[in-house]
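Dumped work34.txt below, it's compact mmCIF, C-alpha atoms:
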```
# COMPACT_ATOMS: atom_id res chain seq x y z
CA MET R 822 4.92 -3.80 0.44
CA PHE R 823 6.81 -0.55 1.09
CA GLU R 824 4.23 2.18 1.57
CA ILE R 825 4.34 5.97 1.52
CA PRO R 826 5.54 6.70 5.10
CA TYR R 827 8.45 4.28 4.87
CA LEU R 828 9.41 5.20 1.33
CA GLU R 829 9.46 8.89 2.31
CA ASN R 830 11.68 8.07 5.27
CA CYS R 831 13.92 5.87 3.17
CA ALA R 832 14.30 8.52 0.46
CA GLU R 833 15.26 11.19 2.99
CA ILE R 834 17.85 8.96 4.66
CA LEU R 835 19.42 7.73 1.43
CA GLU R 836 19.66 11.22 -0.05
CA LYS R 837 21.29 12.56 3.10
CA ARG R 838 23.69 9.63 3.20
CA PHE R 839 24.64 9.30 -0.48
CA LYS R 840 24.07 12.67 -2.15
CA ASN R 841 27.13 13.75 -4.19
CA LYS R 842 28.76 10.34 -3.78
CA VAL R 843 29.90 8.65 -6.98
CA LEU R 844 28.35 5.35 -8.02
CA GLN R 845 31.32 3.11 -8.71
CA LYS R 846 29.72 -0.19 -9.59
CA VAL R 847 26.32 -1.84 -10.13
CA ASP R 848 25.72 -5.51 -9.35
CA LEU R 849 22.46 -6.88 -10.73
CA GLN R 850 21.66 -10.51 -10.00
CA CYS R 851 18.76 -10.94 -12.41
CA GLU R 852 18.72 -9.02 -15.69
CA LYS R 853 14.98 -9.69 -16.05
CA SER R 854 14.48 -7.34 -13.09
CA ILE R 855 15.31 -4.27 -15.17
CA ASN R 856 14.13 -2.78 -18.46
CA VAL R 857 17.60 -2.39 -20.01
CA SER R 858 20.76 -4.46 -20.29
CA ARG R 859 23.45 -4.41 -17.62
CA GLU R 860 25.71 -2.62 -20.06
CA ILE R 861 23.28 0.23 -20.72
CA LEU R 862 22.56 0.54 -17.01
CA SER R 863 26.24 0.88 -16.17
CA GLU R 864 26.93 3.31 -19.01
CA SER R 865 24.09 5.53 -17.80
CA ILE R 866 24.80 5.81 -14.08
CA VAL R 867 28.23 4.39 -13.13
CA GLU R 868 30.93 7.02 -12.47
CA HIS R 869 28.25 9.65 -11.89
CA GLU R 870 27.32 11.40 -8.65
CA LEU R 871 23.97 10.74 -7.02
CA LYS R 872 22.13 14.07 -6.92
CA ARG R 873 18.64 13.30 -5.62
CA VAL R 874 16.50 10.53 -4.05
CA TRP R 875 12.74 10.80 -3.80
CA ARG R 876 9.56 8.75 -3.53
CA ASP R 877 7.31 8.47 -6.55
CA GLY R 878 4.09 6.54 -5.92
CA LEU R 879 5.16 3.25 -4.38
CA SER R 880 8.69 3.44 -5.78
CA LEU R 881 11.99 5.16 -5.04
CA ARG R 882 13.80 7.18 -7.68
CA LEU R 883 17.51 7.97 -7.76
CA GLN R 884 18.74 10.72 -10.09
CA PHE R 885 22.39 10.94 -11.09
CA LYS R 886 24.48 13.81 -12.42
CA SER R 887 24.12 12.27 -15.88
CA TYR R 888 20.37 13.08 -15.51
CA SER R 889 19.60 9.38 -15.71
CA VAL R 890 17.01 8.15 -13.20
CA LEU R 891 16.89 4.68 -11.66
CA GLU R 892 13.50 3.64 -10.30
CA LEU R 893 13.28 0.94 -7.60
CA SER R 894 9.90 -0.79 -7.19
CA PHE R 895 9.80 -3.23 -4.29
CA SER R 896 7.84 -6.45 -3.94
CA THR R 897 6.34 -7.69 -0.68
CA SER R 898 9.39 -9.92 -0.18
CA ALA R 899 11.95 -7.13 -0.63
CA PHE R 900 14.22 -5.43 1.89
CA ILE R 901 16.59 -2.50 1.42
CA GLN R 902 19.62 -1.80 3.56
CA VAL R 903 22.92 0.07 3.60
CA ILE R 904 26.00 -2.12 3.85
CA GLU R 905 28.90 -0.33 5.47
CA GLN R 906 32.45 -0.29 4.16
CA ASN R 907 34.30 -3.61 4.29
CA LEU R 908 31.21 -5.55 5.37
CA LYS R 909 30.25 -8.54 3.26
CA ALA R 910 27.01 -8.29 1.28
CA ASP R 911 24.49 -11.08 1.76
CA PRO R 912 22.67 -12.53 -1.27
CA PHE R 913 21.13 -9.58 -3.10
CA LEU R 914 19.06 -8.63 -6.13
CA LEU R 915 20.69 -5.23 -6.70
CA ASN R 916 23.77 -3.63 -5.14
CA LEU R 917 24.79 -0.02 -5.79
CA HIS R 918 28.44 0.53 -4.75
CA PHE R 919 29.30 4.15 -3.90
CA SER R 920 32.51 6.02 -3.24
CA GLY R 921 33.53 5.62 0.37
CA GLY R 922 32.71 1.91 0.30
CA SER R 923 29.04 1.89 1.31
CA ILE R 924 26.44 -0.06 -0.67
CA ILE R 925 22.71 0.40 -1.18
CA SER R 926 21.51 -3.20 -1.31
CA VAL R 927 18.10 -4.52 -2.35
CA LYS R 928 17.40 -8.06 -1.24
CA ASP R 929 14.42 -10.05 -2.49
CA THR R 930 14.08 -13.78 -1.92
CA ARG R 931 11.48 -14.06 -4.68
CA LYS R 932 13.40 -11.80 -7.09
CA SER R 933 10.13 -10.08 -7.95
CA SER R 934 11.14 -6.45 -7.34
CA THR R 935 11.59 -4.46 -10.54
CA PHE R 936 13.93 -1.66 -11.56
CA ARG R 937 13.58 0.79 -14.41
CA LEU R 938 16.08 3.12 -16.01
CA ASN R 939 14.60 6.48 -17.01
CA PRO R 940 10.95 5.64 -16.26
CA ILE R 941 8.27 7.55 -18.15
CA ASN R 942 6.53 10.14 -16.01
CA THR R 943 2.77 9.83 -15.70
CA ASP R 944 -0.13 12.25 -15.26
CA ILE R 945 -1.73 9.99 -12.64
CA PRO R 946 -1.64 11.99 -9.38
CA ASP R 947 0.26 10.84 -6.32
CA ALA R 948 -1.80 10.72 -3.13
CA LEU R 949 0.32 13.49 -1.59
CA SER R 950 0.72 15.63 -4.68
CA LYS R 951 -1.00 18.96 -5.35
CA GLU R 952 -2.56 17.36 -8.43
CA PHE R 953 -4.54 14.99 -6.20
CA THR R 954 -7.47 17.30 -5.50
CA PHE R 955 -10.93 16.90 -4.04
CA ASN R 956 -12.42 17.47 -7.50
CA TYR R 957 -10.21 14.74 -8.93
CA LEU R 958 -11.52 12.30 -6.32
CA ILE R 959 -15.13 13.28 -7.03
CA GLY R 960 -14.63 12.70 -10.74
CA LEU R 961 -12.92 9.39 -10.05
CA PHE R 962 -15.82 8.10 -7.96
CA SER R 963 -18.73 9.44 -9.98
CA ASN R 964 -19.35 6.57 -12.40
CA LYS R 965 -17.50 3.63 -10.87
CA SER R 966 -19.14 0.51 -9.48
CA GLU R 967 -15.98 -0.92 -7.87
CA GLU R 968 -15.37 -1.28 -4.16
CA ILE R 969 -13.60 1.64 -2.53
CA LYS R 970 -10.49 -0.22 -1.37
CA CYS R 971 -9.83 -1.55 -4.87
CA VAL R 972 -10.12 1.96 -6.31
CA LEU R 973 -7.81 3.51 -3.71
CA MET R 974 -5.15 0.85 -4.37
CA ASP R 975 -5.34 1.08 -8.17
CA GLN R 976 -2.04 2.72 -9.13
CA ASN R 977 -3.54 3.64 -12.50
CA LEU R 978 -5.98 5.92 -10.67
CA ILE R 979 -4.12 7.16 -7.58
CA ARG R 980 -0.45 6.46 -7.00
CA GLY R 981 0.94 5.63 -3.58
CA ILE R 982 -1.88 4.01 -1.59
CA GLY R 983 -1.04 0.42 -0.70
CA GLU R 984 -2.87 -2.44 1.00
CA ALA R 985 -2.14 -1.54 4.62
CA TYR R 986 -2.77 2.19 4.54
CA ALA R 987 -5.93 1.81 2.46
CA ASP R 988 -7.41 -0.03 5.46
CA GLU R 989 -6.14 2.60 7.90
CA ILE R 990 -7.58 5.45 5.83
CA LEU R 991 -10.98 3.83 5.40
CA TRP R 992 -11.30 3.09 9.11
CA TYR R 993 -10.49 6.69 10.04
CA ALA R 994 -13.03 7.90 7.45
CA GLY R 995 -15.67 5.46 8.72
CA ILE R 996 -16.20 3.90 5.29
CA SER R 997 -16.41 0.15 4.74
CA PRO R 998 -13.78 -1.14 2.29
CA PHE R 999 -16.61 -2.97 0.50
CA SER R 1000 -18.54 0.24 -0.24
CA ILE R 1001 -19.29 1.03 -3.89
CA VAL R 1002 -17.54 4.30 -4.70
CA SER R 1003 -20.40 5.87 -6.67
CA LYS R 1004 -22.72 5.29 -3.67
CA ILE R 1005 -20.59 7.18 -1.17
CA PRO R 1006 -22.20 10.55 -0.36
CA LEU R 1007 -20.32 13.74 -1.20
CA VAL R 1008 -19.81 14.70 2.43
CA LYS R 1009 -18.05 11.36 3.07
CA VAL R 1010 -15.93 11.73 -0.05
CA LYS R 1011 -14.75 15.09 1.29
CA LEU R 1012 -13.93 13.49 4.64
CA LEU R 1013 -12.08 10.66 2.85
CA TYR R 1014 -10.00 13.15 0.87
CA LYS R 1015 -8.94 14.96 4.04
CA THR R 1016 -8.31 11.64 5.80
CA ILE R 1017 -5.92 10.42 3.08
CA LYS R 1018 -3.73 13.47 3.57
CA TYR R 1019 -3.97 13.37 7.37
CA VAL R 1020 -3.16 9.66 7.76
CA PHE R 1021 -0.07 9.81 5.55
CA ILE R 1022 1.32 13.05 6.95
CA ASP R 1023 0.88 11.78 10.51
CA ALA R 1024 2.40 8.37 9.67
CA ILE R 1025 5.43 10.00 8.04
CA LYS R 1026 6.04 11.99 11.23
CA GLN R 1027 5.70 8.84 13.35
CA VAL R 1028 8.11 6.84 11.17
CA ARG R 1029 10.72 9.57 11.47
CA LYS R 1030 10.47 9.33 15.26
CA ILE R 1031 10.59 5.56 15.71
CA ASN R 1032 12.74 4.56 12.74
CA PRO R 1033 15.13 7.46 12.07
CA ILE R 1034 17.92 5.37 10.57
CA GLY R 1035 16.05 2.38 9.20
CA TYR R 1036 15.09 1.29 5.73
CA ASN R 1037 12.43 -1.26 6.67
CA LYS R 1038 8.99 -1.54 5.14
CA THR R 1039 5.72 -1.16 7.03
CA ASP R 1040 6.13 -1.24 10.83
CA ASN R 1041 3.05 -2.93 12.25
CA ASN R 1042 3.37 -0.91 15.44
CA LEU R 1043 1.99 2.10 13.57
CA LEU R 1044 -0.96 0.27 12.05
CA LEU R 1045 -4.13 0.38 14.12
CA ILE R 1046 -6.37 -1.71 11.84
CA HIS R 1047 -4.28 -3.55 9.23
CA ASN R 1048 -2.43 -5.41 11.96
CA ILE R 1049 -2.67 -9.12 12.69
CA SER R 1050 -1.70 -8.55 16.33
CA LYS R 1051 -4.59 -6.13 16.97
CA LYS R 1052 -7.95 -7.53 18.06
CA ASN R 1053 -9.88 -4.28 18.40
CA SER R 1054 -9.82 -0.80 16.90
CA PRO R 1055 -8.94 2.21 19.09
CA THR R 1056 -12.68 2.74 19.61
CA GLY R 1057 -13.33 -0.87 20.57
CA GLY R 1058 -14.66 -2.40 17.36
CA MET R 1059 -13.63 -5.98 16.63
CA ILE R 1060 -11.17 -6.09 13.76
CA LYS R 1061 -12.13 -8.55 11.03
CA MET R 1062 -10.11 -9.78 8.08
CA LYS R 1063 -11.04 -11.16 4.67
CA VAL R 1064 -8.81 -12.28 1.82
CA ILE R 1065 -10.09 -11.10 -1.55
CA SER R 1066 -8.07 -11.75 -4.72
CA ASP R 1067 -4.96 -12.48 -2.62
CA LYS R 1068 -5.32 -9.14 -0.82
CA LYS R 1069 -6.00 -8.91 2.91
CA VAL R 1070 -8.77 -6.54 3.95
CA TYR R 1071 -8.90 -5.46 7.61
CA TYR R 1072 -12.02 -3.63 8.80
CA THR R 1073 -14.59 -3.29 11.60
CA ASP R 1074 -18.37 -3.06 11.70
CA GLU R 1075 -17.92 0.56 12.83
CA GLN R 1076 -17.39 1.45 9.18
CA TYR R 1077 -20.53 2.24 7.17
CA LEU R 1078 -21.27 0.18 4.06
CA TYR R 1079 -22.49 2.20 1.06
CA ILE R 1080 -24.05 -0.01 -1.62
```

Final structure tokens representation of the file:
Amino acid sequence: MFEIPYLENCAEILEKRFKNKVLQKVDLQCEKSINVSREILSESIVEHELKRVWRDGLSLRLQFKSYSVLELSFSTSAFIQVIEQNLKADPFLLNLHFSGGSIISVKDTRKSSTFRLNPINTDIPDALSKEFTFNYLIGLFSNKSEEIKCVLMDQNLIRGIGEAYADEILWYAGISPFSIVSKIPLVKVKLLYKTIKYVFIDAIKQVRKINPIGYNKTDNNLLLIHNISKKNSPTGGMIKMKVISDKKVYYTDEQYLYI
């Protein structure tokens, strides 16, 4: 899955590359991938300049001069790339053809990525937004009996935290992913809140350095815990992995279990 650091990087690169370019054509392979017909999609954004690209939760949003917004939500099998002028496009799920000949292309072998025209904005805070406060996190945890990793990844509670970075955050905070949220002491909740911000801000900086012109999803080289090639944490703990409800959980015994 594309996660915050890579989506932030991708949004910055695409905006810099395509801002003020006119969208000339949309190719959509599977109409079930979007919430409107091909005709409505084209009428809304084709022949309009791209004005802004930004990350929203675990999605990218593209706003056009028509004020229409196209949201791109990527599955684990998706890949996004820019196809240069006169180069042939490989099999794709969505191609956005811009003036000058370049194409933003979304490929997905499973065709499970989804796109939405003019998505409804939500009050659920993004993990890097000013609305995501310490008090919000306290209120979120106060009466819940779920495990902490499940809560962090629930996009109906906090937007933007995915499977890989949930593990990274919890290791840095010293909290077991199997901890019950209502059992975590206040001092650790405060540390967790600060850790969420720190881990993402640092990862965004690192992605900009090592992948300045790429559009790839999570680079395992940046992951210290959620990484199949790593045997031990930076402090020497053995990294363990469990699969729960089709989700991989990476952790060490260095993390305290609150139950």

- request: With a distance cut-off of 12 Å and only C-alpha atoms, select the neighbouring residues of Lys1011 (chain R), excluding the residue or stretch itself and same-chain residues fewer than 2 positions from it, and output the selection as a VMD selection string.
  value: chain R and resid 954 to 959 962 994 996 1005 to 1009 1013 to 1018

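You will find CA of Lys909 (chain R) at 23.2 Å from CA of Ile866 (chain R).
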
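The spacing separating CA of Asn1042 (chain R) from CA of Ile1060 (chain R) amounts to 15.5 Å.
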
query: So which residues touch region 847-855 of chain R within 10 Å, counting all atoms listed in the file, skipping near sequence neighbours fewer than 3 positions away, as a PyMOL selection string?
result: chain R and resi 844+858-860+862-863+866-867+891-894+912-919+924-927+932-938

Residues as selected, C-alpha atoms, written as a compact mmCIF listing (two decimals), keeping the file's coordinate frame, can you do that?
```txt
# COMPACT_ATOMS: atom_id res chain seq x y z
CA LEU R 844 28.35 5.35 -8.02
CA SER R 858 20.76 -4.46 -20.29
CA ARG R 859 23.45 -4.41 -17.62
CA GLU R 860 25.71 -2.62 -20.06
CA LEU R 862 22.56 0.54 -17.01
CA SER R 863 26.24 0.88 -16.17
CA ILE R 866 24.80 5.81 -14.08
CA VAL R 867 28.23 4.39 -13.13
CA LEU R 891 16.89 4.68 -11.66
CA GLU R 892 13.50 3.64 -10.30
CA LEU R 893 13.28 0.94 -7.60
CA SER R 894 9.90 -0.79 -7.19
CA PRO R 912 22.67 -12.53 -1.27
CA PHE R 913 21.13 -9.58 -3.10
CA LEU R 914 19.06 -8.63 -6.13
CA LEU R 915 20.69 -5.23 -6.70
CA ASN R 916 23.77 -3.63 -5.14
CA LEU R 917 24.79 -0.02 -5.79
CA HIS R 918 28.44 0.53 -4.75
CA PHE R 919 29.30 4.15 -3.90
CA ILE R 924 26.44 -0.06 -0.67
CA ILE R 925 22.71 0.40 -1.18
CA SER R 926 21.51 -3.20 -1.31
CA VAL R 927 18.10 -4.52 -2.35
CA LYS R 932 13.40 -11.80 -7.09
CA SER R 933 10.13 -10.08 -7.95
CA SER R 934 11.14 -6.45 -7.34
CA THR R 935 11.59 -4.46 -10.54
CA PHE R 936 13.93 -1.66 -11.56
CA ARG R 937 13.58 0.79 -14.41
CA LEU R 938 16.08 3.12 -16.01
```

- prompt: Leaving out Ile969 (chain R) and any residue of its chain fewer than 3 positions from it, which residues lie within 7 Å of it when counting all atoms listed in the file, given as a ChimeraX atom specification?
  reply: /R:972-973,998-1002

- request: Quick one: everything within 10 Å of region 871-886 of chain R, counting only C-alpha atoms, minus sequence neighbours fewer than 4 positions away in the same chain. Send it as number ranges by chain.
  value: R: 822-837, 839-844, 865-867, 890-895, 919, 935-940, 942, 945-950, 976, 979-983

File dump, residues just selected, C-alpha atoms, as an mmCIF file, in the frame of the given file:
```
data_model
loop_
_atom_site.group_PDB
_atom_site.id
_atom_site.type_symbol
_atom_site.label_atom_id
_atom_site.label_comp_id
_atom_site.auth_asym_id
_atom_site.auth_seq_id
_atom_site.Cartn_x
_atom_site.Cartn_y
_atom_site.Cartn_z
ATOM 1 C CA MET R 822 4.920 -3.800 0.440
ATOM 2 C CA PHE R 823 6.810 -0.550 1.090
ATOM 3 C CA GLU R 824 4.230 2.180 1.570
ATOM 4 C CA ILE R 825 4.340 5.970 1.520
ATOM 5 C CA PRO R 826 5.540 6.700 5.100
ATOM 6 C CA TYR R 827 8.450 4.280 4.870
ATOM 7 C CA LEU R 828 9.410 5.200 1.330
ATOM 8 C CA GLU R 829 9.460 8.890 2.310
ATOM 9 C CA ASN R 830 11.680 8.070 5.270
ATOM 10 C CA CYS R 831 13.920 5.870 3.170
ATOM 11 C CA ALA R 832 14.300 8.520 0.460
ATOM 12 C CA GLU R 833 15.260 11.190 2.990
ATOM 13 C CA ILE R 834 17.850 8.960 4.660
ATOM 14 C CA LEU R 835 19.420 7.730 1.430
ATOM 15 C CA GLU R 836 19.660 11.220 -0.050
ATOM 16 C CA LYS R 837 21.290 12.560 3.100
ATOM 17 C CA PHE R 839 24.640 9.300 -0.480
ATOM 18 C CA LYS R 840 24.070 12.670 -2.150
ATOM 19 C CA ASN R 841 27.130 13.750 -4.190
ATOM 20 C CA LYS R 842 28.760 10.340 -3.780
ATOM 21 C CA VAL R 843 29.900 8.650 -6.980
ATOM 22 C CA LEU R 844 28.350 5.350 -8.020
ATOM 23 C CA SER R 865 24.090 5.530 -17.800
ATOM 24 C CA ILE R 866 24.800 5.810 -14.080
ATOM 25 C CA VAL R 867 28.230 4.390 -13.130
ATOM 26 C CA VAL R 890 17.010 8.150 -13.200
ATOM 27 C CA LEU R 891 16.890 4.680 -11.660
ATOM 28 C CA GLU R 892 13.500 3.640 -10.300
ATOM 29 C CA LEU R 893 13.280 0.940 -7.600
ATOM 30 C CA SER R 894 9.900 -0.790 -7.190
ATOM 31 C CA PHE R 895 9.800 -3.230 -4.290
ATOM 32 C CA PHE R 919 29.300 4.150 -3.900
ATOM 33 C CA THR R 935 11.590 -4.460 -10.540
ATOM 34 C CA PHE R 936 13.930 -1.660 -11.560
ATOM 35 C CA ARG R 937 13.580 0.790 -14.410
ATOM 36 C CA LEU R 938 16.080 3.120 -16.010
ATOM 37 C CA ASN R 939 14.600 6.480 -17.010
ATOM 38 C CA PRO R 940 10.950 5.640 -16.260
ATOM 39 C CA ASN R 942 6.530 10.140 -16.010
ATOM 40 C CA ILE R 945 -1.730 9.990 -12.640
ATOM 41 C CA PRO R 946 -1.640 11.990 -9.380
ATOM 42 C CA ASP R 947 0.260 10.840 -6.320
ATOM 43 C CA ALA R 948 -1.800 10.720 -3.130
ATOM 44 C CA LEU R 949 0.320 13.490 -1.590
ATOM 45 C CA SER R 950 0.720 15.630 -4.680
ATOM 46 C CA GLN R 976 -2.040 2.720 -9.130
ATOM 47 C CA ILE R 979 -4.120 7.160 -7.580
ATOM 48 C CA ARG R 980 -0.450 6.460 -7.000
ATOM 49 C CA GLY R 981 0.940 5.630 -3.580
ATOM 50 C CA ILE R 982 -1.880 4.010 -1.590
ATOM 51 C CA GLY R 983 -1.040 0.420 -0.700
#
```

task: Could you please determine the separation between CA of Gly921 (chain R) and CA of Gln906 (chain R) in Å, to one decimal place?
output: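 Between these atoms lies a distance of 7.1 Å.
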
Pull N, CA, C and O atoms for region 1068-1079 of chain R from the block and write them as a compact mmCIF listing (two decimals), in the first residue's frame.
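The new file decode30.txt reads:
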```
# COMPACT_ATOMS: atom_id res chain seq x y z
N LYS R 1068 -3.49 -9.26 7.67
CA LYS R 1068 -2.56 -8.15 7.87
C LYS R 1068 -1.31 -8.66 8.57
O LYS R 1068 -1.39 -9.42 9.53
N LYS R 1069 -0.14 -8.23 8.09
CA LYS R 1069 1.12 -8.62 8.71
C LYS R 1069 1.45 -7.65 9.85
O LYS R 1069 1.39 -6.43 9.67
N VAL R 1070 1.81 -8.22 10.98
CA VAL R 1070 2.19 -7.43 12.14
C VAL R 1070 3.65 -7.75 12.47
O VAL R 1070 3.98 -8.89 12.80
N TYR R 1071 4.52 -6.75 12.39
CA TYR R 1071 5.93 -6.91 12.74
C TYR R 1071 6.16 -6.22 14.09
O TYR R 1071 5.72 -5.08 14.30
N TYR R 1072 6.89 -6.88 14.98
CA TYR R 1072 7.09 -6.34 16.32
C TYR R 1072 8.28 -7.03 16.98
O TYR R 1072 8.84 -8.00 16.44
N THR R 1073 8.67 -6.55 18.16
CA THR R 1073 9.71 -7.20 18.95
C THR R 1073 9.23 -7.29 20.40
O THR R 1073 8.28 -6.61 20.80
N ASP R 1074 9.91 -8.10 21.18
CA ASP R 1074 9.57 -8.22 22.60
C ASP R 1074 10.04 -7.01 23.40
O ASP R 1074 9.79 -6.93 24.61
N GLU R 1075 10.72 -6.07 22.74
CA GLU R 1075 11.11 -4.82 23.40
C GLU R 1075 9.90 -3.93 23.68
O GLU R 1075 9.96 -3.04 24.51
N GLN R 1076 8.82 -4.17 22.96
CA GLN R 1076 7.62 -3.35 23.07
C GLN R 1076 6.74 -3.88 24.20
O GLN R 1076 6.45 -5.08 24.28
N TYR R 1077 6.25 -2.97 25.05
CA TYR R 1077 5.49 -3.37 26.23
C TYR R 1077 4.03 -3.66 25.84
O TYR R 1077 3.41 -2.93 25.07
N LEU R 1078 3.51 -4.73 26.41
CA LEU R 1078 2.13 -5.16 26.15
C LEU R 1078 1.22 -4.66 27.27
O LEU R 1078 1.38 -5.03 28.43
N TYR R 1079 0.26 -3.82 26.90
CA TYR R 1079 -0.71 -3.28 27.87
C TYR R 1079 -2.05 -3.99 27.66
O TYR R 1079 -2.69 -3.83 26.61
```
